[in-house]
Amino acid sequence: MTNKHTLAQFYTPAHLSLRLANLLQNTGSLLEPSCGDGSLLRGVHAAGKDFEHIVGVELDSEKIKGCFGYADSLHNLDFFAYQPDQQFDSIIANPPFLANKAIPQQTKDLTQFKKLETILGGYANLTVYFVLKCAKLLKEGGEMCFIVPDTFFTSTGTAKLNTWLHKHGTVTHLIRFKKSPFLPDATQPVLLFRWVKGDFSYLTDLEVV
Ligand SMILES: C[S@@+](CC[C@H](N)C(=O)[O-])C[C@H]1O[C@@H](n2cnc3c(N)ncnc32)[C@H](O)[C@@H]1O
């Protein structure tokens with residue numbers, strides 16, 4: 001099988017990267033934890049967002065080359081092996097959508113992954129692990145802007161994560177699509193959300209496009 005399927009390499013079209021980047025409101029430091037060939041980082045640049053420090057992480061050593069020039073530091077690593085000595089103001093991501101049984105063993109073996117498993121129960125898909133690790137890497141007041149499957153807030157596999165997210169912050173923005181924004185390359189129905197750590201307003205701006 002190719003990396004496309006084992007690592008869920010479905011890249012974000014430029015129009016969607018721009019829409020997601022426009023949800024970012026903070027300045028300071030930005031992390032992209034599965035930056036692929038840089039589509040979201042180019043979206044951040046195209047949206048005119050002015051971060052002081054941009055960090056990218058990506059497992060595929062070939063794809064990450066596409067990010068050159070769009071981040072101050074790039075790490076060719078499994079995100080669950082990434083142990084930064086800082087927290088971030090913002091995180092933007094379209095993480096790999098992989099069912100629990102398809103998660104590579106080397107990812108599952110990583111220490112940080114095991115720590116997250118104690119909260120999530122061990123059956124969640126890889127997207128869920130990415131969201132939780134990112135939430136933990138945010139400063140108070142930090143924001144996450146993510147592309148996720150459209151079942152993210154309703155499936156039972158995400159329930160524990162959603163309880164955790166509700167306890168620690170608010171989904172301030174939710175964008176749903178009548179037609180998959182990945183068409184014609186993929187049909188996956190998705191939604192975009194922005195979540196802010198330490199915001200307990202519980203007010204969500206919902207948009208259907
Ligand atoms: C859905 S693609 C999105 C890429 C890019 N963020 C975009 O929006 O176009 C997911 C990316 O995650 C990478 N990936 C998969 N597992 C990973 C892991 N454990 N750590 C870091 N990157 C990973 C894949 O190689 C792929 O580039």
# chains A, B, ... in the order shown; residues from 1 in each chain; ligands from 1
$ select_by_dssp --residues "chain A" --states "helix (DSSP H, G or I)" --output "MDAnalysis selection string"
chainID A and resid 3:6 14:21 39:46 63:67 79:81 100:102 105:108 111:120 126:137 156:168
$ write_last_selection --atoms "C-alpha atoms" --output "PDB file, in the first residue's frame"
ATOM      1  CA  ASN A   3       1.724   6.316   1.888  1.00  0.00           C
ATOM      2  CA  LYS A   4      -1.421   7.896   0.442  1.00  0.00           C
ATOM      3  CA  HIS A   5      -3.526   5.236   2.200  1.00  0.00           C
ATOM      4  CA  THR A   6      -1.332   4.158   5.137  1.00  0.00           C
ATOM      5  CA  ALA A  14      -6.166  25.886  -1.629  1.00  0.00           C
ATOM      6  CA  HIS A  15      -9.655  27.417  -1.275  1.00  0.00           C
ATOM      7  CA  LEU A  16     -10.305  25.338   1.863  1.00  0.00           C
ATOM      8  CA  SER A  17      -6.874  26.086   3.361  1.00  0.00           C
ATOM      9  CA  LEU A  18      -7.631  29.783   2.977  1.00  0.00           C
ATOM     10  CA  ARG A  19     -11.061  29.409   4.607  1.00  0.00           C
ATOM     11  CA  LEU A  20      -9.542  27.533   7.567  1.00  0.00           C
ATOM     12  CA  ALA A  21      -6.665  30.021   7.925  1.00  0.00           C
ATOM     13  CA  SER A  39      -1.202  23.481   1.839  1.00  0.00           C
ATOM     14  CA  LEU A  40      -2.403  24.886   5.175  1.00  0.00           C
ATOM     15  CA  LEU A  41       0.838  26.817   5.702  1.00  0.00           C
ATOM     16  CA  ARG A  42       0.390  28.400   2.280  1.00  0.00           C
ATOM     17  CA  GLY A  43      -3.210  29.208   3.313  1.00  0.00           C
ATOM     18  CA  VAL A  44      -1.931  30.989   6.444  1.00  0.00           C
ATOM     19  CA  HIS A  45       0.431  33.006   4.237  1.00  0.00           C
ATOM     20  CA  ALA A  46      -2.300  33.776   1.665  1.00  0.00           C
ATOM     21  CA  LYS A  63       6.202  15.685   1.350  1.00  0.00           C
ATOM     22  CA  ILE A  64       7.692  17.975   3.999  1.00  0.00           C
ATOM     23  CA  LYS A  65       9.992  19.492   1.348  1.00  0.00           C
ATOM     24  CA  GLY A  66       6.938  21.335  -0.007  1.00  0.00           C
ATOM     25  CA  CYS A  67       6.820  23.315   3.271  1.00  0.00           C
ATOM     26  CA  PHE A  79       3.728  13.938  15.739  1.00  0.00           C
ATOM     27  CA  PHE A  80       3.476  11.627  18.779  1.00  0.00           C
ATOM     28  CA  ALA A  81       7.269  11.685  19.096  1.00  0.00           C
ATOM     29  CA  ASN A 100      -7.982   2.834  15.207  1.00  0.00           C
ATOM     30  CA  LYS A 101      -7.116  -0.533  13.651  1.00  0.00           C
ATOM     31  CA  ALA A 102      -5.268   1.213  10.783  1.00  0.00           C
ATOM     32  CA  GLN A 105       2.141   0.237  15.313  1.00  0.00           C
ATOM     33  CA  GLN A 106       5.158   2.580  15.525  1.00  0.00           C
ATOM     34  CA  THR A 107       2.753   5.481  16.162  1.00  0.00           C
ATOM     35  CA  LYS A 108       0.850   3.469  18.773  1.00  0.00           C
ATOM     36  CA  THR A 111       4.963   7.221  24.848  1.00  0.00           C
ATOM     37  CA  GLN A 112       2.928  10.372  24.337  1.00  0.00           C
ATOM     38  CA  PHE A 113       0.327   8.340  22.420  1.00  0.00           C
ATOM     39  CA  LYS A 114      -0.047   5.936  25.363  1.00  0.00           C
ATOM     40  CA  LYS A 115      -0.607   8.843  27.767  1.00  0.00           C
ATOM     41  CA  LEU A 116      -3.454  10.090  25.560  1.00  0.00           C
ATOM     42  CA  GLU A 117      -4.920   6.591  25.341  1.00  0.00           C
ATOM     43  CA  THR A 118      -5.671   6.682  29.073  1.00  0.00           C
ATOM     44  CA  ILE A 119      -8.099   9.569  28.429  1.00  0.00           C
ATOM     45  CA  LEU A 120      -9.555   8.305  25.143  1.00  0.00           C
ATOM     46  CA  LEU A 126      -6.111   8.919  14.804  1.00  0.00           C
ATOM     47  CA  THR A 127      -7.810  12.304  14.267  1.00  0.00           C
ATOM     48  CA  VAL A 128      -9.064  12.154  17.863  1.00  0.00           C
ATOM     49  CA  TYR A 129      -5.524  11.594  19.196  1.00  0.00           C
ATOM     50  CA  PHE A 130      -4.216  14.506  17.122  1.00  0.00           C
ATOM     51  CA  VAL A 131      -6.923  16.837  18.473  1.00  0.00           C
ATOM     52  CA  LEU A 132      -6.233  15.893  22.101  1.00  0.00           C
ATOM     53  CA  LYS A 133      -2.463  16.199  21.816  1.00  0.00           C
ATOM     54  CA  CYS A 134      -2.880  19.588  20.082  1.00  0.00           C
ATOM     55  CA  ALA A 135      -5.308  20.816  22.756  1.00  0.00           C
ATOM     56  CA  LYS A 136      -2.703  19.949  25.393  1.00  0.00           C
ATOM     57  CA  LEU A 137      -0.020  21.860  23.458  1.00  0.00           C
ATOM     58  CA  THR A 156     -19.458   7.511  19.849  1.00  0.00           C
ATOM     59  CA  GLY A 157     -15.710   7.130  19.121  1.00  0.00           C
ATOM     60  CA  THR A 158     -15.315  10.878  19.718  1.00  0.00           C
ATOM     61  CA  ALA A 159     -17.538  11.140  22.800  1.00  0.00           C
ATOM     62  CA  LYS A 160     -14.749  11.069  25.422  1.00  0.00           C
ATOM     63  CA  LEU A 161     -12.749  13.661  23.520  1.00  0.00           C
ATOM     64  CA  ASN A 162     -15.797  15.920  23.164  1.00  0.00           C
ATOM     65  CA  THR A 163     -16.447  15.735  26.905  1.00  0.00           C
ATOM     66  CA  TRP A 164     -12.802  16.719  27.477  1.00  0.00           C
ATOM     67  CA  LEU A 165     -13.004  19.604  24.961  1.00  0.00           C
ATOM     68  CA  HIS A 166     -16.203  20.891  26.600  1.00  0.00           C
ATOM     69  CA  LYS A 167     -14.553  20.828  30.017  1.00  0.00           C
ATOM     70  CA  HIS A 168     -11.546  22.816  28.804  1.00  0.00           C
TER      71      HIS A 168
END
$ residues_near_ligand --ligand "ligand 1" --cutoff "8 Å" --atoms "only C-alpha atoms and all ligand atoms" --output "ChimeraX atom specification"
/A:3-4,6-13,17,32-40,57-60,63-64,76-80,93-97,107
$ write_last_selection --atoms "C-alpha atoms" --output "CSV table (one decimal), in the first residue's frame"
chain,number,residue,atom,x,y,z
A,3,ASN,CA,1.7,6.3,1.9
A,4,LYS,CA,-1.4,7.9,0.4
A,6,THR,CA,-1.3,4.2,5.1
A,7,LEU,CA,-0.7,7.8,6.2
A,8,ALA,CA,-4.1,9.2,4.9
A,9,GLN,CA,-2.4,11.7,2.6
A,10,PHE,CA,-5.4,13.7,1.3
A,11,TYR,CA,-4.2,17.2,0.8
A,12,THR,CA,-6.3,20.3,1.4
A,13,PRO,CA,-7.4,22.3,-1.7
A,17,SER,CA,-6.9,26.1,3.4
A,32,GLU,CA,0.9,22.6,11.9
A,33,PRO,CA,1.3,19.0,13.3
A,34,SER,CA,0.8,17.0,10.0
A,35,CYS,CA,1.8,19.6,7.5
A,36,GLY,CA,2.1,17.4,4.4
A,37,ASP,CA,3.3,19.4,1.4
A,38,GLY,CA,2.3,22.7,3.1
A,39,SER,CA,-1.2,23.5,1.8
A,40,LEU,CA,-2.4,24.9,5.2
A,57,VAL,CA,5.7,18.5,11.8
A,58,GLU,CA,5.3,15.8,9.1
A,59,LEU,CA,6.2,12.1,9.0
A,60,ASP,CA,6.8,11.9,5.2
A,63,LYS,CA,6.2,15.7,1.4
A,64,ILE,CA,7.7,18.0,4.0
A,76,ASN,CA,10.4,15.3,10.0
A,77,LEU,CA,8.9,13.2,12.8
A,78,ASP,CA,5.9,11.3,14.0
A,79,PHE,CA,3.7,13.9,15.7
A,80,PHE,CA,3.5,11.6,18.8
A,93,ALA,CA,-4.5,21.1,11.0
A,94,ASN,CA,-6.1,18.6,8.6
A,95,PRO,CA,-4.9,15.5,10.5
A,96,PRO,CA,-4.8,12.0,9.1
A,97,PHE,CA,-8.2,10.4,9.2
A,107,THR,CA,2.8,5.5,16.2
$ select_by_dssp --residues "segment 159-192 of chain A" --states "strand (DSSP E)" --output "PyMOL selection string"
chain A and resi 169-176+190-192
$ write_last_selection --atoms "C-alpha atoms" --output "tab-separated table (two decimals), in the first residue's frame"
chain	number	residue	atom	x	y	z
A	169	GLY	CA	-12.94	25.32	26.29
A	170	THR	CA	-15.46	26.29	23.61
A	171	VAL	CA	-15.98	25.53	19.94
A	172	THR	CA	-16.31	29.15	18.81
A	173	HIS	CA	-16.77	28.46	15.07
A	174	LEU	CA	-18.23	25.55	13.12
A	175	ILE	CA	-18.48	25.46	9.32
A	176	ARG	CA	-20.49	22.70	7.63
A	190	VAL	CA	-15.89	17.26	6.53
A	191	LEU	CA	-16.41	20.22	8.81
A	192	LEU	CA	-14.13	22.99	10.00
